[in-house]
Amino acid sequence: MFDHIGFLVSGKEQGQICENADKLNWKVDKGERRTFIATPYNFRIELQTNTDVVDSLNSQIKLQELKLETKKAGLESDLLTLFGKSMNRVYSEIGDVVTIKEAVINNLISSPIVDPNGVRITNK
């Protein structure tokens with residue numbers, strides 16, 4: 001079940017993003033280890049500042065694009081407001097459910113697959 005997208009950010013970025021979320025009237029739940037922001041798109045955004053939760057910051061395997069299905073328009077512009085910069089690797093299309101449709105991953109050593117949740121995973 002898809003319920004959130006996580007972003008690794010610095011402490012300074014986290015503070016600014018939380019301020020921007022307040023301006024959008026989005027609920028911010030700041031925790032000791034991570035912060036969650038509730039969006040009007042029926043999923044949350046996780047802000048992670050702890051690099052120890054990332055497998056390897058030096059890995060060549062990187063998420064390049066993420067395509068979501070949402071029930072309402074405006075995600076890209078709201079992400080621009082939230083992060084203060086374009087999140088041009090996150091795209092959305094309007095549909096009947098809120099889910100991840102496709103993840104494009106750089107340097108993945110496998111052919112395109114569809115995971116058990118129906119997410120298409122491709123290599124770039």
# chains A, B, ... in the order shown; residues from 1 in each chain; ligands from 1
>>> select_by_dssp(residues="segment 10-107 of chain A", states="alpha helix (DSSP H)", output="JSON, numbers by chain")
{"A": [11, 12, 13, 14, 15, 16, 17, 18, 19, 20, 21, 22, 23, 75, 76, 77, 78, 79, 80, 81, 82, 83]}
>>> residues_around(residues="Phe43 of chain A", least_positions_apart="4", cutoff="12 Å", atoms="only C-alpha atoms", output="ChimeraX atom specification")
/A:1-6,26-27,36-39,68-71,75,97-100
>>> write_last_selection(atoms="N, CA and C atoms", output="PDB file, in the first residue's frame")
ATOM      1  N   MET A   1       0.836  -1.184   0.000  1.00  0.00           N
ATOM      2  CA  MET A   1       0.000   0.000   0.000  1.00  0.00           C
ATOM      3  C   MET A   1       0.881   1.246   0.000  1.00  0.00           C
ATOM      4  N   PHE A   2       0.646   2.137  -0.924  1.00  0.00           N
ATOM      5  CA  PHE A   2       1.414   3.370  -1.057  1.00  0.00           C
ATOM      6  C   PHE A   2       0.872   4.416  -0.099  1.00  0.00           C
ATOM      7  N   ASP A   3       1.733   4.910   0.795  1.00  0.00           N
ATOM      8  CA  ASP A   3       1.260   5.947   1.714  1.00  0.00           C
ATOM      9  C   ASP A   3       2.205   7.130   1.835  1.00  0.00           C
ATOM     10  N   HIS A   4       3.469   7.000   1.383  1.00  0.00           N
ATOM     11  CA  HIS A   4       4.359   8.155   1.452  1.00  0.00           C
ATOM     12  C   HIS A   4       5.545   8.033   0.499  1.00  0.00           C
ATOM     13  N   ILE A   5       6.145   9.189   0.223  1.00  0.00           N
ATOM     14  CA  ILE A   5       7.390   9.294  -0.534  1.00  0.00           C
ATOM     15  C   ILE A   5       8.401   9.942   0.398  1.00  0.00           C
ATOM     16  N   GLY A   6       9.594   9.396   0.462  1.00  0.00           N
ATOM     17  CA  GLY A   6      10.621   9.951   1.336  1.00  0.00           C
ATOM     18  C   GLY A   6      11.682  10.718   0.567  1.00  0.00           C
ATOM     19  N   TRP A  26      -0.636  22.555   5.022  1.00  0.00           N
ATOM     20  CA  TRP A  26      -0.457  21.117   5.111  1.00  0.00           C
ATOM     21  C   TRP A  26       0.035  20.784   6.513  1.00  0.00           C
ATOM     22  N   LYS A  27      -0.498  19.741   7.101  1.00  0.00           N
ATOM     23  CA  LYS A  27      -0.132  19.335   8.457  1.00  0.00           C
ATOM     24  C   LYS A  27       1.288  18.767   8.483  1.00  0.00           C
ATOM     25  N   PHE A  36       6.899  13.969   8.841  1.00  0.00           N
ATOM     26  CA  PHE A  36       5.909  13.657   7.814  1.00  0.00           C
ATOM     27  C   PHE A  36       5.051  14.883   7.549  1.00  0.00           C
ATOM     28  N   ILE A  37       4.765  15.096   6.268  1.00  0.00           N
ATOM     29  CA  ILE A  37       3.897  16.185   5.844  1.00  0.00           C
ATOM     30  C   ILE A  37       2.705  15.559   5.125  1.00  0.00           C
ATOM     31  N   ALA A  38       1.502  15.852   5.605  1.00  0.00           N
ATOM     32  CA  ALA A  38       0.286  15.344   4.966  1.00  0.00           C
ATOM     33  C   ALA A  38      -0.048  16.228   3.772  1.00  0.00           C
ATOM     34  N   THR A  39      -0.308  15.601   2.639  1.00  0.00           N
ATOM     35  CA  THR A  39      -0.666  16.343   1.431  1.00  0.00           C
ATOM     36  C   THR A  39      -2.147  16.156   1.129  1.00  0.00           C
ATOM     37  N   LEU A  68       3.366   9.119 -10.531  1.00  0.00           N
ATOM     38  CA  LEU A  68       2.286   8.807  -9.597  1.00  0.00           C
ATOM     39  C   LEU A  68       0.936   8.968 -10.279  1.00  0.00           C
ATOM     40  N   GLU A  69      -0.034   8.237  -9.766  1.00  0.00           N
ATOM     41  CA  GLU A  69      -1.424   8.475 -10.142  1.00  0.00           C
ATOM     42  C   GLU A  69      -2.085   9.096  -8.926  1.00  0.00           C
ATOM     43  N   THR A  70      -2.745  10.231  -9.120  1.00  0.00           N
ATOM     44  CA  THR A  70      -3.444  10.916  -8.039  1.00  0.00           C
ATOM     45  C   THR A  70      -4.875  11.201  -8.493  1.00  0.00           C
ATOM     46  N   LYS A  71      -5.709  11.552  -7.547  1.00  0.00           N
ATOM     47  CA  LYS A  71      -7.112  11.826  -7.863  1.00  0.00           C
ATOM     48  C   LYS A  71      -7.364  13.291  -8.176  1.00  0.00           C
ATOM     49  N   LEU A  75      -0.142  18.496  -8.313  1.00  0.00           N
ATOM     50  CA  LEU A  75       0.977  17.973  -7.520  1.00  0.00           C
ATOM     51  C   LEU A  75       2.293  18.646  -7.873  1.00  0.00           C
ATOM     52  N   VAL A  97      -7.142   6.036  -8.456  1.00  0.00           N
ATOM     53  CA  VAL A  97      -6.476   5.626  -7.216  1.00  0.00           C
ATOM     54  C   VAL A  97      -5.246   6.478  -6.992  1.00  0.00           C
ATOM     55  N   VAL A  98      -4.711   6.417  -5.785  1.00  0.00           N
ATOM     56  CA  VAL A  98      -3.459   7.091  -5.473  1.00  0.00           C
ATOM     57  C   VAL A  98      -2.400   6.000  -5.363  1.00  0.00           C
ATOM     58  N   THR A  99      -1.458   6.022  -6.306  1.00  0.00           N
ATOM     59  CA  THR A  99      -0.463   4.956  -6.344  1.00  0.00           C
ATOM     60  C   THR A  99       0.770   5.396  -7.122  1.00  0.00           C
ATOM     61  N   ILE A 100       1.822   4.632  -6.995  1.00  0.00           N
ATOM     62  CA  ILE A 100       3.000   4.812  -7.836  1.00  0.00           C
ATOM     63  C   ILE A 100       2.782   3.975  -9.084  1.00  0.00           C
TER      64      ILE A 100
END
>>> select_by_dssp(residues="chain A", states="strand (DSSP E or B)", output="PyMOL selection string")
chain A and resi 4-8+28-30+34-38+44-48+62-70+90-94+99-106+113-114+120-123
>>> write_last_selection(atoms="C-alpha atoms", output="short mmCIF file (atom, residue, chain, number, x, y, z; two decimals), in the first residue's frame")
data_model
loop_
_atom_site.label_atom_id
_atom_site.label_comp_id
_atom_site.auth_asym_id
_atom_site.auth_seq_id
_atom_site.Cartn_x
_atom_site.Cartn_y
_atom_site.Cartn_z
CA HIS A 4 4.36 8.16 1.45
CA ILE A 5 7.39 9.29 -0.53
CA GLY A 6 10.62 9.95 1.34
CA PHE A 7 13.23 12.61 0.61
CA LEU A 8 16.69 12.87 2.18
CA VAL A 28 3.46 18.81 9.61
CA ASP A 29 4.26 16.02 12.07
CA LYS A 30 7.86 16.61 13.12
CA ARG A 34 11.80 11.90 10.63
CA THR A 35 9.12 14.38 9.68
CA PHE A 36 5.91 13.66 7.81
CA ILE A 37 3.90 16.18 5.84
CA ALA A 38 0.29 15.34 4.97
CA ARG A 44 2.44 11.88 2.92
CA ILE A 45 5.91 13.25 2.27
CA GLU A 46 8.63 12.02 4.59
CA LEU A 47 11.60 14.29 5.25
CA GLN A 48 14.59 12.29 6.39
CA LYS A 62 19.61 6.32 -8.24
CA LEU A 63 15.92 7.01 -8.67
CA GLN A 64 15.60 9.17 -11.80
CA GLU A 65 11.84 9.56 -12.23
CA LEU A 66 8.71 8.71 -10.31
CA LYS A 67 5.29 8.69 -11.94
CA LEU A 68 2.29 8.81 -9.60
CA GLU A 69 -1.42 8.47 -10.14
CA THR A 70 -3.44 10.92 -8.04
CA VAL A 90 8.13 13.50 -9.95
CA TYR A 91 5.22 13.42 -12.37
CA SER A 92 1.55 12.76 -11.85
CA GLU A 93 -1.46 11.78 -13.87
CA ILE A 94 -5.08 11.91 -12.81
CA THR A 99 -0.46 4.96 -6.34
CA ILE A 100 3.00 4.81 -7.84
CA LYS A 101 2.74 3.89 -11.51
CA GLU A 102 6.39 3.82 -12.56
CA ALA A 103 9.87 4.21 -11.11
CA VAL A 104 12.82 4.84 -13.43
CA ILE A 105 16.09 3.87 -11.79
CA ASN A 106 19.57 4.66 -13.10
CA ILE A 113 9.74 -5.49 -14.26
CA VAL A 114 6.37 -4.92 -12.63
CA ARG A 120 6.58 -0.65 -13.39
CA ILE A 121 10.31 -0.48 -12.63
CA THR A 122 12.57 0.41 -15.54
CA ASN A 123 16.25 1.04 -16.03
#
>>> atom_distance(atom1="atom CA of Val9 of chain A", atom2="atom CA of Asp52 of chain A")
12.5 Å
>>> residues_around(residues="Lys12 of chain A", least_positions_apart="5", cutoff="12 Å", atoms="only C-alpha atoms", output="list in words")
Ile17, Cys18, Glu19, Leu47, Gln48, Thr49 and Phe83 of chain A
>>> write_last_selection(atoms="all heavy atoms", output="mmCIF file, in the first residue's frame")
data_model
loop_
_atom_site.group_PDB
_atom_site.id
_atom_site.type_symbol
_atom_site.label_atom_id
_atom_site.label_comp_id
_atom_site.auth_asym_id
_atom_site.auth_seq_id
_atom_site.Cartn_x
_atom_site.Cartn_y
_atom_site.Cartn_z
ATOM 1 N N ILE A 17 11.335 23.593 4.257
ATOM 2 C CA ILE A 17 10.244 22.812 3.683
ATOM 3 C C ILE A 17 9.049 22.794 4.637
ATOM 4 O O ILE A 17 7.900 22.938 4.214
ATOM 5 C CB ILE A 17 10.717 21.386 3.339
ATOM 6 C CG1 ILE A 17 11.742 21.438 2.193
ATOM 7 C CG2 ILE A 17 9.547 20.485 2.969
ATOM 8 C CD1 ILE A 17 12.528 20.151 1.994
ATOM 9 N N CYS A 18 9.314 22.660 5.925
ATOM 10 C CA CYS A 18 8.220 22.671 6.911
ATOM 11 C C CYS A 18 7.519 24.026 6.940
ATOM 12 O O CYS A 18 6.292 24.090 7.052
ATOM 13 C CB CYS A 18 8.742 22.296 8.298
ATOM 14 S SG CYS A 18 9.180 20.550 8.450
ATOM 15 N N GLU A 19 8.278 25.115 6.824
ATOM 16 C CA GLU A 19 7.671 26.452 6.750
ATOM 17 C C GLU A 19 6.781 26.554 5.508
ATOM 18 O O GLU A 19 5.680 27.107 5.569
ATOM 19 C CB GLU A 19 8.750 27.530 6.708
ATOM 20 C CG GLU A 19 9.432 27.783 8.033
ATOM 21 C CD GLU A 19 10.495 28.863 7.932
ATOM 22 O OE1 GLU A 19 10.379 29.764 7.061
ATOM 23 O OE2 GLU A 19 11.461 28.802 8.725
ATOM 24 N N LEU A 47 10.316 13.587 5.311
ATOM 25 C CA LEU A 47 11.596 14.293 5.249
ATOM 26 C C LEU A 47 12.549 13.570 6.185
ATOM 27 O O LEU A 47 12.317 13.503 7.390
ATOM 28 C CB LEU A 47 11.434 15.748 5.678
ATOM 29 C CG LEU A 47 10.443 16.579 4.867
ATOM 30 C CD1 LEU A 47 10.357 17.992 5.432
ATOM 31 C CD2 LEU A 47 10.818 16.611 3.393
ATOM 32 N N GLN A 48 13.604 13.037 5.625
ATOM 33 C CA GLN A 48 14.586 12.289 6.390
ATOM 34 C C GLN A 48 15.894 13.076 6.401
ATOM 35 O O GLN A 48 16.362 13.510 5.351
ATOM 36 C CB GLN A 48 14.794 10.915 5.744
ATOM 37 C CG GLN A 48 15.754 10.012 6.429
ATOM 38 C CD GLN A 48 15.377 9.719 7.867
ATOM 39 O OE1 GLN A 48 16.018 10.238 8.774
ATOM 40 N NE2 GLN A 48 14.366 8.902 8.069
ATOM 41 N N THR A 49 16.449 13.299 7.572
ATOM 42 C CA THR A 49 17.720 14.015 7.690
ATOM 43 C C THR A 49 18.861 13.103 8.112
ATOM 44 O O THR A 49 20.005 13.527 8.133
ATOM 45 C CB THR A 49 17.617 15.181 8.700
ATOM 46 O OG1 THR A 49 17.232 14.651 9.961
ATOM 47 C CG2 THR A 49 16.616 16.227 8.230
ATOM 48 N N PHE A 83 9.107 22.527 -1.903
ATOM 49 C CA PHE A 83 10.559 22.372 -1.881
ATOM 50 C C PHE A 83 11.306 23.632 -2.311
ATOM 51 O O PHE A 83 12.517 23.709 -2.150
ATOM 52 C CB PHE A 83 10.981 21.195 -2.754
ATOM 53 C CG PHE A 83 10.658 19.859 -2.131
ATOM 54 C CD1 PHE A 83 9.482 19.194 -2.437
ATOM 55 C CD2 PHE A 83 11.521 19.278 -1.217
ATOM 56 C CE1 PHE A 83 9.174 17.975 -1.863
ATOM 57 C CE2 PHE A 83 11.224 18.052 -0.629
ATOM 58 C CZ PHE A 83 10.048 17.405 -0.950
#
>>> closest_residue(among="A:Glu13, A:Asp115, A:Asp96, A:Glu32", to="Leu82 of chain A", atoms="only C-alpha atoms")
A:Glu13
>>> closest_residue(among="A:Pro116, A:Leu108, A:Gly95, A:Arg33", to="Lys72 of chain A", atoms="only C-alpha atoms")
A:Gly95
>>> closest_residue(among="A:Ser10, A:Val119, A:Thr81, A:Glu76", to="Tyr41 of chain A", atoms="only C-alpha atoms")
A:Glu76
